[in-house]
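Trainee: If you scroll down you'll find the structure; I have some questions about it.
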Amino acid sequence: MAMAEMAADGLAARQALLRLMAWLSPAFPIGGFSYSAGLESAVVEGHVAGGDGLEAWLLVLLGDGGMRNDAILLCEAHRLQSEGQALNEIVSLATALAGSAERYAEITRLGEAFVQAASAWPHPVIDALSGPVPYSVAVGAVAAAHGVDRVDAIAAFLHAQISQYVSVAIRLGVIGQTRGVSILAVSEAPILDAASSYARLGLDDLGSATIIAETLSMRHEMQYSRLFQS
């Protein structure tokens with residue numbers, strides 16, 4: 001490969017990294033701060049009561065729960081976009097998998113806000129993602145459209161999810177900022193392992209073993225007093 005081509009490839013990779021960092025930054029305007037994905041109910045009902053409990057809760061969701069499914073859906077959207085295939089079926093499937101009205105509202109509102117904000121980087125994929133689009137699918141498709149590596153996209157997405165849960169726990173008074181940072185540090189290796197593993201999975205691997213977490217997410221709709229929308 002000529003030096004000029006190598007330099008161009010390196011520039012493209014760094015550009016893709018910068019975009020990924022921007023899209024999954026807490027400052028990206030998608031409104032993720034409004035949602036807890038059922039963690040608020042877990043705290044209210046005593047399932048998560050401190051740093052150790054939160055850490056264990058998040059690692060279970062990463063390995064066997066909603067984060068795993070979201071990563072698989074992201075991976076499939078990334079593959080379809082990379083191969084130039086239509087996204088409508090994965091959008092429909094991901095939407096149908098929402099376990100409650102709150103969960104549906106969360107993933108589609110985040111997805112639509114993500115697509116709108118990502119339109120600052122023009123690409124035909126934006127038009128293909130019009131209407132209610134689950135967040136994971138939107139991230140996967142947009143990442144693929146801009147040349148972001150699939151494993152990198154999954155890892156960054158999972159890190160952003162765990163960071164959001166940590167932020168929720170801090171605002172609920174479950175942990176302080178120092179403990180939150182330590183949880184992010186501990187989760188680094190599991191996230192990297194999960195990203196590498198989930199990148200090889202397909203739709204037949206979708207599934208969850210976190211019944212309590214999913215039930216709590218449903219019950220949040222009827223919670224008397226709450227800070228978050230889910």
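Chain labels run A, B, ... following the order of the structure tokens; each chain numbers its residues from 1, and ligands are numbered from 1 in the order shown.
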So that I can see what lies close to A:Ala42, please list as a PyMOL selection string the residues with an atom at most 9 Å from it, counting only C-alpha atoms and leaving out residues fewer than 4 positions away in the same chain.

Mentor: chain A and resi 38+46-49+212-213+216-217

Trainee: With all heavy atoms kept, could you save the residues just selected as a tab-separated table (two decimals), in the first residue's frame?

Mentor:
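part-v3.tsv written:
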```tsv
chain	number	residue	atom	x	y	z
A	38	GLY	N	-35.41	1.35	34.20
A	38	GLY	CA	-35.86	0.52	35.31
A	38	GLY	C	-34.96	0.54	36.53
A	38	GLY	O	-35.34	0.00	37.58
A	46	GLY	N	-35.35	-1.76	46.62
A	46	GLY	CA	-34.29	-2.35	47.42
A	46	GLY	C	-33.41	-3.38	46.75
A	46	GLY	O	-32.60	-4.03	47.41
A	47	HIS	N	-33.52	-3.54	45.45
A	47	HIS	CA	-32.66	-4.51	44.75
A	47	HIS	C	-31.25	-3.97	44.56
A	47	HIS	O	-30.30	-4.76	44.45
A	47	HIS	CB	-33.27	-4.85	43.39
A	47	HIS	CG	-34.57	-5.57	43.47
A	47	HIS	ND1	-34.66	-6.94	43.67
A	47	HIS	CD2	-35.86	-5.13	43.40
A	47	HIS	CE1	-35.92	-7.30	43.71
A	47	HIS	NE2	-36.67	-6.23	43.55
A	48	VAL	N	-31.11	-2.66	44.50
A	48	VAL	CA	-29.80	-2.03	44.38
A	48	VAL	C	-29.70	-1.01	45.50
A	48	VAL	O	-30.46	-0.05	45.55
A	48	VAL	CB	-29.64	-1.32	43.01
A	48	VAL	CG1	-28.32	-0.57	42.96
A	48	VAL	CG2	-29.72	-2.34	41.88
A	49	ALA	N	-28.74	-1.23	46.42
A	49	ALA	CA	-28.69	-0.38	47.61
A	49	ALA	C	-27.31	0.20	47.88
A	49	ALA	O	-27.08	0.80	48.93
A	49	ALA	CB	-29.15	-1.18	48.82
A	212	ILE	N	-36.14	-10.17	36.75
A	212	ILE	CA	-36.43	-9.16	37.77
A	212	ILE	C	-36.24	-7.76	37.21
A	212	ILE	O	-37.09	-6.87	37.40
A	212	ILE	CB	-35.55	-9.37	39.01
A	212	ILE	CG1	-35.94	-10.67	39.72
A	212	ILE	CG2	-35.68	-8.19	39.97
A	212	ILE	CD1	-35.04	-11.02	40.89
A	213	ALA	N	-35.15	-7.54	36.50
A	213	ALA	CA	-34.88	-6.21	35.93
A	213	ALA	C	-35.96	-5.82	34.94
A	213	ALA	O	-36.42	-4.66	34.91
A	213	ALA	CB	-33.52	-6.20	35.26
A	216	LEU	N	-39.19	-4.98	36.83
A	216	LEU	CA	-39.07	-3.67	37.48
A	216	LEU	C	-39.23	-2.55	36.47
A	216	LEU	O	-39.82	-1.51	36.76
A	216	LEU	CB	-37.72	-3.56	38.18
A	216	LEU	CG	-37.56	-4.40	39.46
A	216	LEU	CD1	-36.11	-4.39	39.91
A	216	LEU	CD2	-38.46	-3.88	40.56
A	217	SER	N	-38.70	-2.75	35.27
A	217	SER	CA	-38.85	-1.75	34.22
A	217	SER	C	-40.33	-1.53	33.88
A	217	SER	O	-40.77	-0.41	33.67
A	217	SER	CB	-38.08	-2.18	32.97
A	217	SER	OG	-38.22	-1.23	31.94
```

Trainee: Considering only C-alpha atoms, return as a list of chain:residue names whatever protein or nucleic-acid residues lie within 9 Å of A:Ile72, sequence-local ones (same chain, fewer than 5 positions apart) excluded.

Mentor: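 Result of the neighbour search: A:Met67, A:Ala77, A:Ser136, A:Ile154, A:Tyr198, A:Ala199, A:Arg200, A:Leu201, A:Gly202, A:Leu203, A:Asp205, A:Leu206.
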
Trainee: Might you pull out every residue within 6 Å of stretch 122-135 of chain A, with only C-alpha atoms counted and same-chain residues fewer than 5 positions away left off, and present them as a VMD selection string?

Mentor: chain A and resid 107 to 108 110 to 112

Trainee: Could you list, as a list of chain:residue names, every residue within 8 Å of A:Ala153, counting only C-alpha atoms and ignoring same-chain residues fewer than 3 positions away?

Mentor: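 Skipping anything fewer than 3 positions along the chain leaves A:Leu20, A:Val139, A:Gly140, A:Ala143, A:Val148, A:Asp149, A:Arg150, A:Ala156, A:Phe157.
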
Trainee: Include all heavy atoms and write out the residues we just selected as a short mmCIF file (atom, residue, chain, number, x, y, z; two decimals), in the first residue's frame.

Mentor:
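As written to disk, result-v9.cif reads:
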```cif
data_model
loop_
_atom_site.label_atom_id
_atom_site.label_comp_id
_atom_site.auth_asym_id
_atom_site.auth_seq_id
_atom_site.Cartn_x
_atom_site.Cartn_y
_atom_site.Cartn_z
N LEU A 20 -17.45 8.74 16.67
CA LEU A 20 -18.00 7.82 17.65
C LEU A 20 -17.99 8.44 19.03
O LEU A 20 -18.96 8.32 19.80
CB LEU A 20 -17.19 6.52 17.64
CG LEU A 20 -17.68 5.38 18.52
CD1 LEU A 20 -19.08 4.93 18.11
CD2 LEU A 20 -16.70 4.21 18.47
N VAL A 139 -27.74 3.78 16.20
CA VAL A 139 -26.30 3.89 16.43
C VAL A 139 -25.54 2.94 15.51
O VAL A 139 -24.53 3.31 14.89
CB VAL A 139 -25.96 3.60 17.90
CG1 VAL A 139 -24.45 3.53 18.10
CG2 VAL A 139 -26.54 4.67 18.81
N GLY A 140 -26.00 1.70 15.39
CA GLY A 140 -25.32 0.73 14.55
C GLY A 140 -25.29 1.13 13.09
O GLY A 140 -24.24 1.04 12.43
N ALA A 143 -23.11 4.36 12.60
CA ALA A 143 -21.69 4.02 12.76
C ALA A 143 -21.16 3.33 11.53
O ALA A 143 -20.06 3.65 11.03
CB ALA A 143 -21.51 3.14 14.00
N VAL A 148 -17.21 3.35 11.01
CA VAL A 148 -16.79 3.01 12.37
C VAL A 148 -16.76 1.49 12.51
O VAL A 148 -17.72 0.81 12.14
CB VAL A 148 -17.74 3.61 13.41
CG1 VAL A 148 -17.36 3.16 14.82
CG2 VAL A 148 -17.73 5.13 13.33
N ASP A 149 -15.68 0.97 13.02
CA ASP A 149 -15.54 -0.47 13.24
C ASP A 149 -16.67 -0.99 14.13
O ASP A 149 -17.06 -0.35 15.10
CB ASP A 149 -14.18 -0.75 13.89
CG ASP A 149 -13.98 -2.21 14.20
OD1 ASP A 149 -13.68 -2.98 13.27
OD2 ASP A 149 -14.16 -2.59 15.38
N ARG A 150 -17.16 -2.19 13.81
CA ARG A 150 -18.31 -2.74 14.53
C ARG A 150 -18.00 -3.00 16.00
O ARG A 150 -18.80 -2.66 16.87
CB ARG A 150 -18.75 -4.05 13.86
CG ARG A 150 -19.93 -4.73 14.53
CD ARG A 150 -20.51 -5.81 13.67
NE ARG A 150 -19.51 -6.78 13.23
CZ ARG A 150 -19.70 -7.71 12.30
NH1 ARG A 150 -20.86 -7.79 11.69
NH2 ARG A 150 -18.75 -8.56 11.99
N ALA A 156 -18.18 1.18 22.58
CA ALA A 156 -18.51 2.55 22.96
C ALA A 156 -19.97 2.66 23.39
O ALA A 156 -20.30 3.38 24.35
CB ALA A 156 -18.23 3.50 21.80
N PHE A 157 -20.84 1.95 22.72
CA PHE A 157 -22.27 1.96 23.07
C PHE A 157 -22.48 1.38 24.47
O PHE A 157 -23.21 1.96 25.29
CB PHE A 157 -23.05 1.15 22.03
CG PHE A 157 -24.52 1.06 22.30
CD1 PHE A 157 -25.39 2.08 21.92
CD2 PHE A 157 -25.07 -0.07 22.91
CE1 PHE A 157 -26.75 1.99 22.16
CE2 PHE A 157 -26.43 -0.16 23.16
CZ PHE A 157 -27.27 0.87 22.78
#
```

Trainee: Under the rule that only C-alpha atoms are counted, which of A:Leu87, A:Ala56, A:Arg109, A:Ser41 is the nearest residue to A:Pro29?

Mentor: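 For A:Pro29, the nearest of the given residues is A:Arg109.
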
Trainee: Could you please determine the separation between atom CA of A:Leu80 and atom CA of A:Trp23 in Å, to one decimal place?

Mentor: 19.8 Å

Trainee: From the set A:Val44, A:Ala209, A:Leu59, A:Val142, which residue has the shortest atom-to-atom contact distance to A:Leu172, counting only C-alpha atoms?

Mentor: A:Val44

Trainee: Can you tell me how far atom CA of A:Phe114 sits from atom CA of A:Leu24, in Å to one decimal?

Mentor: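 Value for the atom CA of A:Phe114-atom CA of A:Leu24 distance: 9.4 Å.
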
Trainee: Name the residues of stretch 6-152 of chain A that fall into helix (DSSP H, G or I) according to DSSP on the backbone, using the chain letters and numbers of this document, as a PyMOL selection string.

Mentor: chain A and resi 6-23+32-34+39-44+51-64+66-82+88-96+101-118+125-128+135-145+150-152

Trainee: By how many Å are atom CA of A:Pro26 and atom CA of A:Ala145 apart?

Mentor: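 Between atom CA of A:Pro26 and atom CA of A:Ala145 the gap works out to 21.7 Å.
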
Trainee: Show which residues sit within 9 Å of A:Gly66, as a count of residues only. Count only C-alpha atoms, and ignore same-chain residues fewer than 6 positions away.

Mentor: 5

Trainee: I'd like the contact shell of A:Gly173 - 12 Å cut-off, only C-alpha atoms, skipping same-chain residues fewer than 4 positions apart - returned as a list in words.

Mentor: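 What passes the distance filter is Glu40, Val43, Val44, Val48, Ala49, Gly50, Gly51, Leu54, Val166, Ser167, Val168, Ala169, Gln177, Arg179, Gly180 and Leu227 of chain A.
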
Trainee: Put those residues in a file: C-alpha atoms, as a PDB file, in the first residue's frame.

Mentor:
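Written out: result13.pdb:
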```pdb
ATOM      1  CA  GLU A  40     -34.951   3.719  39.569  1.00  0.00           C
ATOM      2  CA  VAL A  43     -33.390   1.265  43.836  1.00  0.00           C
ATOM      3  CA  VAL A  44     -36.858   2.066  45.215  1.00  0.00           C
ATOM      4  CA  VAL A  48     -29.800  -2.029  44.376  1.00  0.00           C
ATOM      5  CA  ALA A  49     -28.685  -0.383  47.610  1.00  0.00           C
ATOM      6  CA  GLY A  50     -25.046   0.584  47.203  1.00  0.00           C
ATOM      7  CA  GLY A  51     -21.958   0.482  45.028  1.00  0.00           C
ATOM      8  CA  LEU A  54     -25.027  -1.504  41.467  1.00  0.00           C
ATOM      9  CA  VAL A 166     -23.891   5.180  36.935  1.00  0.00           C
ATOM     10  CA  SER A 167     -25.120   8.747  36.458  1.00  0.00           C
ATOM     11  CA  VAL A 168     -28.649   7.650  37.381  1.00  0.00           C
ATOM     12  CA  ALA A 169     -27.370   5.981  40.546  1.00  0.00           C
ATOM     13  CA  GLN A 177     -18.924  10.171  42.097  1.00  0.00           C
ATOM     14  CA  ARG A 179     -17.570   5.046  43.505  1.00  0.00           C
ATOM     15  CA  GLY A 180     -19.096   5.750  40.102  1.00  0.00           C
ATOM     16  CA  LEU A 227     -37.344  11.248  38.822  1.00  0.00           C
TER      17      LEU A 227
END
```

Trainee: Would you please work out which residue, of A:Ala105, A:Ala16, A:Leu11, A:Leu192, is nearest to A:Gly32 when using only C-alpha atoms?

Mentor: A:Ala105

Trainee: Ranking A:Ile170, A:Ala113, A:Leu93, A:Leu62 by minimum distance to A:Glu188 and counting only C-alpha atoms, which one comes first?

Mentor: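 Looking at the shortest contact to A:Glu188, the residue is A:Leu62.
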
Trainee: Go through A:Ser25, A:Val186, A:Gln81, A:Ile30 and flag the residue nearest A:Val115, using only C-alpha atoms for the distances.

Mentor: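 Under the stated criterion, the closest residue is A:Ile30.
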
Trainee: Hey, which of A:Ala27, A:Ala96, A:Leu74, A:Ile191 ends up closest to A:Ala144? Count only C-alpha atoms.

Mentor: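 Selected residue with least distance to A:Ala144: A:Leu74.
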